[in-house]
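Enquirer: This is the structure I have questions about; it appears just below.
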Amino acid sequence: MGSKKDRRRWPRADLNLLVQYRFESFDDFMGQYASDISEGGMFIRCDDAHEEGSMIYLQFSLRDGTKLIEGLGRVVRVNPASSSDPGMGIEFVSFDETSREMIEAVVRERRAEIATEDLETTESEPIGAGQ
């Protein structure tokens, strides 16, 4: 059996992005940081995750703050507050086409940035380093 990473449908990109969200039972939005995103979902770091299957309304903006992405998600994984990586995995359920396109662009850009950073790090290592 493959690892979780092998079974993922969409490649993930690391990021640090403030996400506002609320559950059906809350009128006010809460805010936490997402640690990664893919075309299919994101992981939100928090100590007070809701149970798997809970529906969640999400809102977040791109870095320039001009484009709001919003839609409905479902909690598909919960890491308890006592774990090394507390929070909840969210699957994107209902986003309009414009929001989906923006999410795809964010993932593409972040993955390209990470690949460039990795390449620069590799190129700056002296020959024979790490062997």
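Here's how to read the names in the structure tokens: chain A, B, ... by the order shown, residue numbers from 1 in each chain, ligand numbers from 1 in the order shown.
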With only C-alpha atoms as the counted atoms, please give the residues lying no more than 8 Å from Gln20 of chain A, apart from itself and same-chain residues fewer than 6 positions off, as a list in words.
Expert: Phe29, Met30, Gly31, Gln32, Leu58, Gln59 and Phe60 of chain A
Enquirer: Output N, CA and C atoms for every residue in that selection, as a PDB file, in the first residue's frame.
Expert:
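The new file out_21.pdb reads:
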ATOM      1  N   PHE A  29     -16.958  34.547  11.607  1.00  0.00           N
ATOM      2  CA  PHE A  29     -15.834  33.870  10.972  1.00  0.00           C
ATOM      3  C   PHE A  29     -14.686  33.717  11.965  1.00  0.00           C
ATOM      4  N   MET A  30     -13.955  32.637  11.833  1.00  0.00           N
ATOM      5  CA  MET A  30     -12.733  32.419  12.580  1.00  0.00           C
ATOM      6  C   MET A  30     -11.597  32.530  11.569  1.00  0.00           C
ATOM      7  N   GLY A  31     -10.406  32.809  12.031  1.00  0.00           N
ATOM      8  CA  GLY A  31      -9.276  32.913  11.126  1.00  0.00           C
ATOM      9  C   GLY A  31      -8.110  32.068  11.610  1.00  0.00           C
ATOM     10  N   GLN A  32      -7.532  31.279  10.716  1.00  0.00           N
ATOM     11  CA  GLN A  32      -6.351  30.470  10.994  1.00  0.00           C
ATOM     12  C   GLN A  32      -5.518  30.431   9.720  1.00  0.00           C
ATOM     13  N   LEU A  58     -15.455  28.725   3.457  1.00  0.00           N
ATOM     14  CA  LEU A  58     -14.104  29.283   3.442  1.00  0.00           C
ATOM     15  C   LEU A  58     -14.040  30.586   2.662  1.00  0.00           C
ATOM     16  N   GLN A  59     -13.188  31.486   3.126  1.00  0.00           N
ATOM     17  CA  GLN A  59     -12.872  32.717   2.395  1.00  0.00           C
ATOM     18  C   GLN A  59     -11.385  32.985   2.563  1.00  0.00           C
ATOM     19  N   PHE A  60     -10.699  33.278   1.482  1.00  0.00           N
ATOM     20  CA  PHE A  60      -9.314  33.706   1.579  1.00  0.00           C
ATOM     21  C   PHE A  60      -8.981  34.561   0.364  1.00  0.00           C
TER      22      PHE A  60
END
Enquirer: Extract the full set of strand (DSSP E or B) residues from chain A according to DSSP on the backbone, and format it as a ChimeraX atom specification.
Expert: /A:13-23,30-37,41-45,55-61,68-79,87-95
Enquirer: What would the file look like if the residues just selected were written as a JSON list (two decimals), in the first residue's frame with C-alpha atoms?
Expert:
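Okay, part.json is ready:
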[["chain", "number", "residue", "atom", "x", "y", "z"],
["A", 13, "ALA", "CA", 2.04, 23.31, -2.46],
["A", 14, "ASP", "CA", 3.29, 24.70, 0.85],
["A", 15, "LEU", "CA", 2.08, 28.14, 1.76],
["A", 16, "ASN", "CA", 1.24, 30.32, 4.72],
["A", 17, "LEU", "CA", -2.15, 31.88, 4.00],
["A", 18, "LEU", "CA", -4.74, 33.35, 6.35],
["A", 19, "VAL", "CA", -8.09, 31.63, 5.84],
["A", 20, "GLN", "CA", -11.36, 32.83, 7.31],
["A", 21, "TYR", "CA", -13.94, 30.13, 7.88],
["A", 22, "ARG", "CA", -17.13, 29.31, 9.66],
["A", 23, "PHE", "CA", -19.21, 26.24, 10.29],
["A", 30, "MET", "CA", -12.73, 32.42, 12.58],
["A", 31, "GLY", "CA", -9.28, 32.91, 11.13],
["A", 32, "GLN", "CA", -6.35, 30.47, 10.99],
["A", 33, "TYR", "CA", -3.44, 29.81, 8.66],
["A", 34, "ALA", "CA", -3.41, 27.18, 5.94],
["A", 35, "SER", "CA", -0.10, 25.37, 5.63],
["A", 36, "ASP", "CA", -0.68, 23.84, 2.20],
["A", 37, "ILE", "CA", -3.07, 23.93, -0.71],
["A", 41, "GLY", "CA", -8.27, 21.18, -0.81],
["A", 42, "MET", "CA", -6.10, 22.66, 1.91],
["A", 43, "PHE", "CA", -4.82, 21.97, 5.42],
["A", 44, "ILE", "CA", -5.75, 24.55, 8.07],
["A", 45, "ARG", "CA", -3.63, 24.62, 11.22],
["A", 55, "MET", "CA", -19.15, 21.35, 6.21],
["A", 56, "ILE", "CA", -17.17, 24.59, 6.31],
["A", 57, "TYR", "CA", -17.52, 27.89, 4.46],
["A", 58, "LEU", "CA", -14.10, 29.28, 3.44],
["A", 59, "GLN", "CA", -12.87, 32.72, 2.39],
["A", 60, "PHE", "CA", -9.31, 33.71, 1.58],
["A", 61, "SER", "CA", -7.56, 36.32, -0.53],
["A", 68, "LEU", "CA", -11.43, 36.93, -2.81],
["A", 69, "ILE", "CA", -11.78, 33.18, -3.13],
["A", 70, "GLU", "CA", -14.75, 31.66, -1.37],
["A", 71, "GLY", "CA", -16.69, 28.44, -1.33],
["A", 72, "LEU", "CA", -17.79, 25.37, 0.58],
["A", 73, "GLY", "CA", -15.53, 22.62, 1.88],
["A", 74, "ARG", "CA", -15.76, 19.43, 3.91],
["A", 75, "VAL", "CA", -13.49, 18.35, 6.78],
["A", 76, "VAL", "CA", -11.90, 15.09, 5.59],
["A", 77, "ARG", "CA", -9.06, 14.70, 8.10],
["A", 78, "VAL", "CA", -8.53, 15.86, 11.67],
["A", 79, "ASN", "CA", -5.20, 15.94, 13.48],
["A", 87, "GLY", "CA", -5.50, 20.99, 12.27],
["A", 88, "MET", "CA", -7.93, 19.80, 9.65],
["A", 89, "GLY", "CA", -7.73, 18.72, 6.05],
["A", 90, "ILE", "CA", -10.42, 20.38, 3.95],
["A", 91, "GLU", "CA", -11.70, 19.07, 0.63],
["A", 92, "PHE", "CA", -13.04, 21.76, -1.70],
["A", 93, "VAL", "CA", -16.67, 20.89, -2.47],
["A", 94, "SER", "CA", -18.32, 23.87, -4.12],
["A", 95, "PHE", "CA", -16.36, 26.79, -5.57]]
Enquirer: From the list A:Asp85, A:Glu24, A:Glu39, A:Glu117, which residue is nearest Arg100 of chain A when using only C-alpha atoms?
Expert: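 Using only C-alpha atoms, the shortest distance to Arg100 of chain A belongs to A:Glu39.
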Enquirer: If you run DSSP on this backbone, which residues of segment 20-128 of chain A come out as alpha helix (DSSP H), and could you give them as a PyMOL selection string?
Expert: chain A and resi 97-124
Enquirer: So that I have them on file, write out the residues from the current selection with N, CA and C atoms, as a compact mmCIF listing (two decimals), in the first residue's frame.
Expert:
# COMPACT_ATOMS: atom_id res chain seq x y z
N GLU A 97 -16.30 28.75 -10.79
CA GLU A 97 -15.23 28.52 -11.76
C GLU A 97 -14.09 29.51 -11.59
N THR A 98 -14.40 30.76 -11.33
CA THR A 98 -13.36 31.78 -11.15
C THR A 98 -12.49 31.44 -9.94
N SER A 99 -13.11 31.05 -8.83
CA SER A 99 -12.35 30.68 -7.63
C SER A 99 -11.48 29.46 -7.89
N ARG A 100 -12.02 28.47 -8.59
CA ARG A 100 -11.24 27.25 -8.91
C ARG A 100 -10.03 27.61 -9.77
N GLU A 101 -10.23 28.48 -10.75
CA GLU A 101 -9.11 28.90 -11.61
C GLU A 101 -8.04 29.63 -10.79
N MET A 102 -8.47 30.47 -9.84
CA MET A 102 -7.51 31.18 -9.00
C MET A 102 -6.75 30.21 -8.10
N ILE A 103 -7.43 29.20 -7.57
CA ILE A 103 -6.77 28.20 -6.74
C ILE A 103 -5.73 27.45 -7.57
N GLU A 104 -6.10 27.05 -8.78
CA GLU A 104 -5.16 26.36 -9.67
C GLU A 104 -3.93 27.24 -9.92
N ALA A 105 -4.14 28.53 -10.14
CA ALA A 105 -3.03 29.46 -10.40
C ALA A 105 -2.13 29.58 -9.17
N VAL A 106 -2.72 29.67 -7.98
CA VAL A 106 -1.94 29.76 -6.75
C VAL A 106 -1.07 28.52 -6.58
N VAL A 107 -1.65 27.35 -6.80
CA VAL A 107 -0.90 26.09 -6.66
C VAL A 107 0.25 26.05 -7.67
N ARG A 108 -0.04 26.39 -8.92
CA ARG A 108 1.00 26.40 -9.96
C ARG A 108 2.14 27.34 -9.59
N GLU A 109 1.79 28.56 -9.17
CA GLU A 109 2.80 29.56 -8.83
C GLU A 109 3.65 29.12 -7.63
N ARG A 110 3.00 28.60 -6.60
CA ARG A 110 3.73 28.16 -5.40
C ARG A 110 4.66 27.00 -5.72
N ARG A 111 4.17 26.04 -6.51
CA ARG A 111 5.01 24.89 -6.87
C ARG A 111 6.20 25.34 -7.72
N ALA A 112 6.00 26.32 -8.59
CA ALA A 112 7.10 26.85 -9.40
C ALA A 112 8.11 27.58 -8.52
N GLU A 113 7.62 28.36 -7.55
CA GLU A 113 8.51 29.07 -6.63
C GLU A 113 9.35 28.07 -5.83
N ILE A 114 8.71 27.03 -5.34
CA ILE A 114 9.41 26.02 -4.54
C ILE A 114 10.45 25.30 -5.39
N ALA A 115 10.09 24.96 -6.62
CA ALA A 115 11.04 24.28 -7.52
C ALA A 115 12.25 25.18 -7.80
N THR A 116 12.01 26.47 -7.99
CA THR A 116 13.10 27.41 -8.23
C THR A 116 13.99 27.52 -7.00
N GLU A 117 13.38 27.60 -5.81
CA GLU A 117 14.16 27.67 -4.57
C GLU A 117 15.01 26.42 -4.41
N ASP A 118 14.43 25.25 -4.68
CA ASP A 118 15.16 23.98 -4.57
C ASP A 118 16.33 23.96 -5.55
N LEU A 119 16.10 24.43 -6.77
CA LEU A 119 17.14 24.45 -7.79
C LEU A 119 18.28 25.38 -7.38
N GLU A 120 17.93 26.56 -6.85
CA GLU A 120 18.95 27.51 -6.42
C GLU A 120 19.76 26.95 -5.27
N THR A 121 19.10 26.24 -4.35
CA THR A 121 19.80 25.62 -3.23
C THR A 121 20.76 24.55 -3.72
N THR A 122 20.30 23.72 -4.64
CA THR A 122 21.13 22.65 -5.20
C THR A 122 22.33 23.22 -5.94
N GLU A 123 22.11 24.26 -6.71
CA GLU A 123 23.19 24.87 -7.50
C GLU A 123 24.21 25.56 -6.62
N SER A 124 23.81 26.02 -5.44
CA SER A 124 24.74 26.76 -4.57
C SER A 124 25.55 25.82 -3.68
Enquirer: How many Å separate atom CA of Gly40 of chain A from atom CA of Glu52 of chain A?
Expert: 16.2 Å
